[in-house]
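Read the structure below first, then the notes.
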Amino acid sequence: MAGRKQPSSSQAAPARDRALAAAERLFARHGLNATTLRQVADASGVPINLISYHFKTKEDLLRAVLSGHSDHLTALRRTLLTDLELHHSPNAPPVHDIMATFYRPIFILRGNDAEHWANFVGLLSRERGSPAWQETIGESVAAMLKQYTVLLQRALPKVRRAEIVQVLSLSFLAIILSSPSEVQTILGDDLMQDWDDATLEAHLVKSLTAAVLSLG
């Protein structure tokens, strides 16, 4: 019918997706405990009974938010690692190139949607160690560390597995540096003027590579 008002893109999105997007913003800003399903319903325009149909509890909603980010990050890393191994087969890839696949997906995802990524980093900071975090991010990180450890041991057969795991575990914390809002809190406005994603990525790869090579 002529003159009929078309729904906005956010209103046209599936209810489940709208609830997830609103929950992500609220959880990142206020944390799980300070966010209610009613707030998620109000922010998303999705009736609370429909949210409860998809997600029985707030914890289920948080798990879904974290899993979405984690699954995407893991898939990108696996693709890059597979391509890298095929390119260098039957030899092990250079350590620098292995480390580059660790950080490249982070900056790809941040470049695709900076706000979405900043919310994820905020969630990692707020909910780290929680049951929902352990069941999603914790399990994903463990699997990822195992894959990188195996590949690095091929490249550096004389280095002990435990030492590689320690360096990789610390590198996970560098994800916070991929969120400008988090970094601004640490550095302040003056140092943020020199912030550059490409330079940061190169420095992170170089630093982690040096740390791993120093083990040998």
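A note on labels: chains of the structure tokens are A, B, ... as shown, every chain counts residues from 1, and ligands are counted from 1 in their shown order.
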
Region 44-149 of chain A near region 206-213 of chain A within 7 Å: what's each residue's closest atom pair and its distance in Å to one decimal, counting only C-alpha atoms, ordered by chain then ascending residue number, as a tab-separated table?
residue	atom	partner	partner_atom	distance
A:Val95	CA	A:Thr209	CA	6.3
A:His96	CA	A:Thr209	CA	5.4
A:Met99	CA	A:Thr209	CA	6.3

Using only C-alpha atoms, please write the residues we just selected to a file, as a compact mmCIF listing (two decimals), in the first residue's frame.
# COMPACT_ATOMS: atom_id res chain seq x y z
CA VAL A 95 57.67 -18.35 13.48
CA HIS A 96 56.94 -14.78 12.38
CA MET A 99 52.43 -15.31 14.90

Checklist entry - Any idea what's packed within 8 Å of Glu201 (chain A), counting only C-alpha atoms, ignoring anything in its chain fewer than 4 positions away? Could you give it as a ChimeraX atom specification? => result /A:103-104,107,197,205

Restrict the selected residues to N, CA and C atoms and save them as a PDB file, in the first residue's frame.
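Wrote it out as selection16.pdb, contents follow:
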ATOM      1  N   TYR A 103      47.394 -12.654  15.191  1.00  0.00           N
ATOM      2  CA  TYR A 103      46.881 -11.295  15.368  1.00  0.00           C
ATOM      3  C   TYR A 103      46.055 -10.771  14.196  1.00  0.00           C
ATOM      4  N   ARG A 104      46.328 -11.257  12.966  1.00  0.00           N
ATOM      5  CA  ARG A 104      45.630 -10.726  11.793  1.00  0.00           C
ATOM      6  C   ARG A 104      44.115 -10.785  11.917  1.00  0.00           C
ATOM      7  N   PHE A 107      42.527  -7.849  13.911  1.00  0.00           N
ATOM      8  CA  PHE A 107      42.434  -6.553  13.237  1.00  0.00           C
ATOM      9  C   PHE A 107      41.480  -6.596  12.049  1.00  0.00           C
ATOM     10  N   ASP A 197      46.627   1.369  13.715  1.00  0.00           N
ATOM     11  CA  ASP A 197      46.358  -0.070  13.759  1.00  0.00           C
ATOM     12  C   ASP A 197      47.438  -0.897  13.076  1.00  0.00           C
ATOM     13  N   VAL A 205      53.082  -8.547  16.443  1.00  0.00           N
ATOM     14  CA  VAL A 205      53.635  -9.738  15.792  1.00  0.00           C
ATOM     15  C   VAL A 205      55.136  -9.827  16.047  1.00  0.00           C
TER      16      VAL A 205
END

DSSP on the backbone: which residues in region 9-131 of chain A end up as alpha helix (DSSP H)? Give the answer as an mmCIF file with C-alpha atoms, in the first residue's frame.
data_model
loop_
_atom_site.group_PDB
_atom_site.id
_atom_site.type_symbol
_atom_site.label_atom_id
_atom_site.label_comp_id
_atom_site.auth_asym_id
_atom_site.auth_seq_id
_atom_site.Cartn_x
_atom_site.Cartn_y
_atom_site.Cartn_z
ATOM 1 C CA SER A 9 17.058 -2.154 9.142
ATOM 2 C CA SER A 10 17.384 -2.803 12.883
ATOM 3 C CA GLN A 11 13.656 -3.495 13.218
ATOM 4 C CA ALA A 12 13.720 -5.791 10.180
ATOM 5 C CA ALA A 15 14.341 -10.870 16.815
ATOM 6 C CA ARG A 16 17.075 -13.204 18.044
ATOM 7 C CA ASP A 17 19.774 -11.126 16.350
ATOM 8 C CA ARG A 18 18.374 -7.873 17.731
ATOM 9 C CA ALA A 19 18.317 -9.310 21.229
ATOM 10 C CA LEU A 20 21.923 -10.479 20.881
ATOM 11 C CA ALA A 21 23.080 -7.080 19.612
ATOM 12 C CA ALA A 22 21.359 -5.228 22.456
ATOM 13 C CA ALA A 23 22.645 -7.697 25.051
ATOM 14 C CA GLU A 24 26.176 -7.326 23.732
ATOM 15 C CA ARG A 25 26.077 -3.547 24.187
ATOM 16 C CA LEU A 26 24.511 -3.733 27.645
ATOM 17 C CA PHE A 27 26.752 -6.516 28.944
ATOM 18 C CA ALA A 28 29.865 -4.707 27.689
ATOM 19 C CA ARG A 29 28.782 -1.464 29.351
ATOM 20 C CA HIS A 30 27.256 -2.703 32.599
ATOM 21 C CA LEU A 37 16.349 -9.200 30.475
ATOM 22 C CA ARG A 38 13.855 -6.340 30.683
ATOM 23 C CA GLN A 39 16.623 -3.903 29.735
ATOM 24 C CA VAL A 40 17.591 -6.122 26.808
ATOM 25 C CA ALA A 41 13.948 -6.226 25.709
ATOM 26 C CA ASP A 42 13.595 -2.449 25.912
ATOM 27 C CA ALA A 43 16.865 -1.833 24.036
ATOM 28 C CA SER A 44 16.142 -4.372 21.290
ATOM 29 C CA ILE A 48 10.824 -10.305 26.885
ATOM 30 C CA ASN A 49 8.867 -13.549 26.492
ATOM 31 C CA LEU A 50 10.379 -14.011 23.018
ATOM 32 C CA ILE A 51 13.883 -13.390 24.397
ATOM 33 C CA SER A 52 13.199 -15.990 27.086
ATOM 34 C CA TYR A 53 12.088 -18.414 24.378
ATOM 35 C CA HIS A 54 15.462 -18.159 22.651
ATOM 36 C CA LYS A 58 20.897 -14.107 31.075
ATOM 37 C CA GLU A 59 23.817 -16.507 31.242
ATOM 38 C CA ASP A 60 22.571 -18.278 28.100
ATOM 39 C CA LEU A 61 22.355 -14.913 26.372
ATOM 40 C CA LEU A 62 25.918 -14.057 27.410
ATOM 41 C CA ARG A 63 27.173 -17.440 26.194
ATOM 42 C CA ALA A 64 25.576 -16.827 22.802
ATOM 43 C CA VAL A 65 27.161 -13.367 22.539
ATOM 44 C CA LEU A 66 30.623 -14.647 23.478
ATOM 45 C CA SER A 67 30.358 -17.723 21.258
ATOM 46 C CA GLY A 68 29.488 -15.619 18.225
ATOM 47 C CA HIS A 69 32.697 -13.612 18.536
ATOM 48 C CA SER A 70 34.854 -16.553 19.552
ATOM 49 C CA ASP A 71 33.643 -18.813 16.726
ATOM 50 C CA HIS A 72 34.307 -16.131 14.131
ATOM 51 C CA LEU A 73 37.790 -15.409 15.471
ATOM 52 C CA THR A 74 38.665 -19.099 15.633
ATOM 53 C CA ALA A 75 37.414 -19.743 12.094
ATOM 54 C CA LEU A 76 39.560 -16.940 10.686
ATOM 55 C CA ARG A 77 42.646 -18.212 12.491
ATOM 56 C CA ARG A 78 42.113 -21.767 11.300
ATOM 57 C CA THR A 79 41.748 -20.604 7.706
ATOM 58 C CA LEU A 80 44.953 -18.566 7.873
ATOM 59 C CA LEU A 81 46.867 -21.363 9.586
ATOM 60 C CA THR A 82 45.691 -23.954 7.059
ATOM 61 C CA ASP A 83 46.740 -21.756 4.131
ATOM 62 C CA LEU A 84 50.096 -21.081 5.800
ATOM 63 C CA GLU A 85 50.825 -24.759 6.420
ATOM 64 C CA LEU A 86 49.908 -25.673 2.845
ATOM 65 C CA HIS A 87 52.152 -22.921 1.505
ATOM 66 C CA HIS A 88 55.207 -24.149 3.451
ATOM 67 C CA VAL A 95 57.671 -18.354 13.479
ATOM 68 C CA HIS A 96 56.935 -14.776 12.385
ATOM 69 C CA ASP A 97 54.327 -15.973 9.888
ATOM 70 C CA ILE A 98 52.698 -18.225 12.486
ATOM 71 C CA MET A 99 52.427 -15.306 14.899
ATOM 72 C CA ALA A 100 50.990 -13.093 12.163
ATOM 73 C CA THR A 101 48.024 -15.464 11.823
ATOM 74 C CA PHE A 102 47.404 -15.068 15.548
ATOM 75 C CA TYR A 103 46.881 -11.295 15.368
ATOM 76 C CA ARG A 104 45.630 -10.726 11.793
ATOM 77 C CA PRO A 105 42.052 -11.949 12.507
ATOM 78 C CA ILE A 106 41.781 -9.557 15.450
ATOM 79 C CA PHE A 107 42.434 -6.553 13.237
ATOM 80 C CA ILE A 108 40.261 -7.907 10.433
ATOM 81 C CA LEU A 109 37.277 -8.143 12.775
ATOM 82 C CA ARG A 110 37.992 -4.763 14.340
ATOM 83 C CA GLY A 111 38.242 -3.199 10.891
ATOM 84 C CA ASN A 112 34.927 -4.750 9.838
ATOM 85 C CA ALA A 114 34.943 -1.370 15.420
ATOM 86 C CA GLU A 115 31.999 -0.958 17.798
ATOM 87 C CA HIS A 116 31.124 -4.651 17.659
ATOM 88 C CA TRP A 117 34.742 -5.568 18.406
ATOM 89 C CA ALA A 118 35.055 -2.991 21.215
ATOM 90 C CA ASN A 119 31.991 -4.545 22.865
ATOM 91 C CA PHE A 120 33.659 -7.954 22.695
ATOM 92 C CA VAL A 121 36.857 -6.644 24.281
ATOM 93 C CA GLY A 122 34.784 -4.989 26.997
ATOM 94 C CA LEU A 123 33.039 -8.295 27.647
ATOM 95 C CA LEU A 124 36.358 -10.120 27.887
ATOM 96 C CA SER A 125 37.516 -7.634 30.506
ATOM 97 C CA ARG A 126 34.303 -7.722 32.533
ATOM 98 C CA GLU A 127 33.405 -11.389 32.422
ATOM 99 C CA PRO A 131 31.247 -19.678 34.157
#

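When CA of Leu151 (chain A) is paired with CA of Val165 (chain A), their separation reads 11.7 Å.
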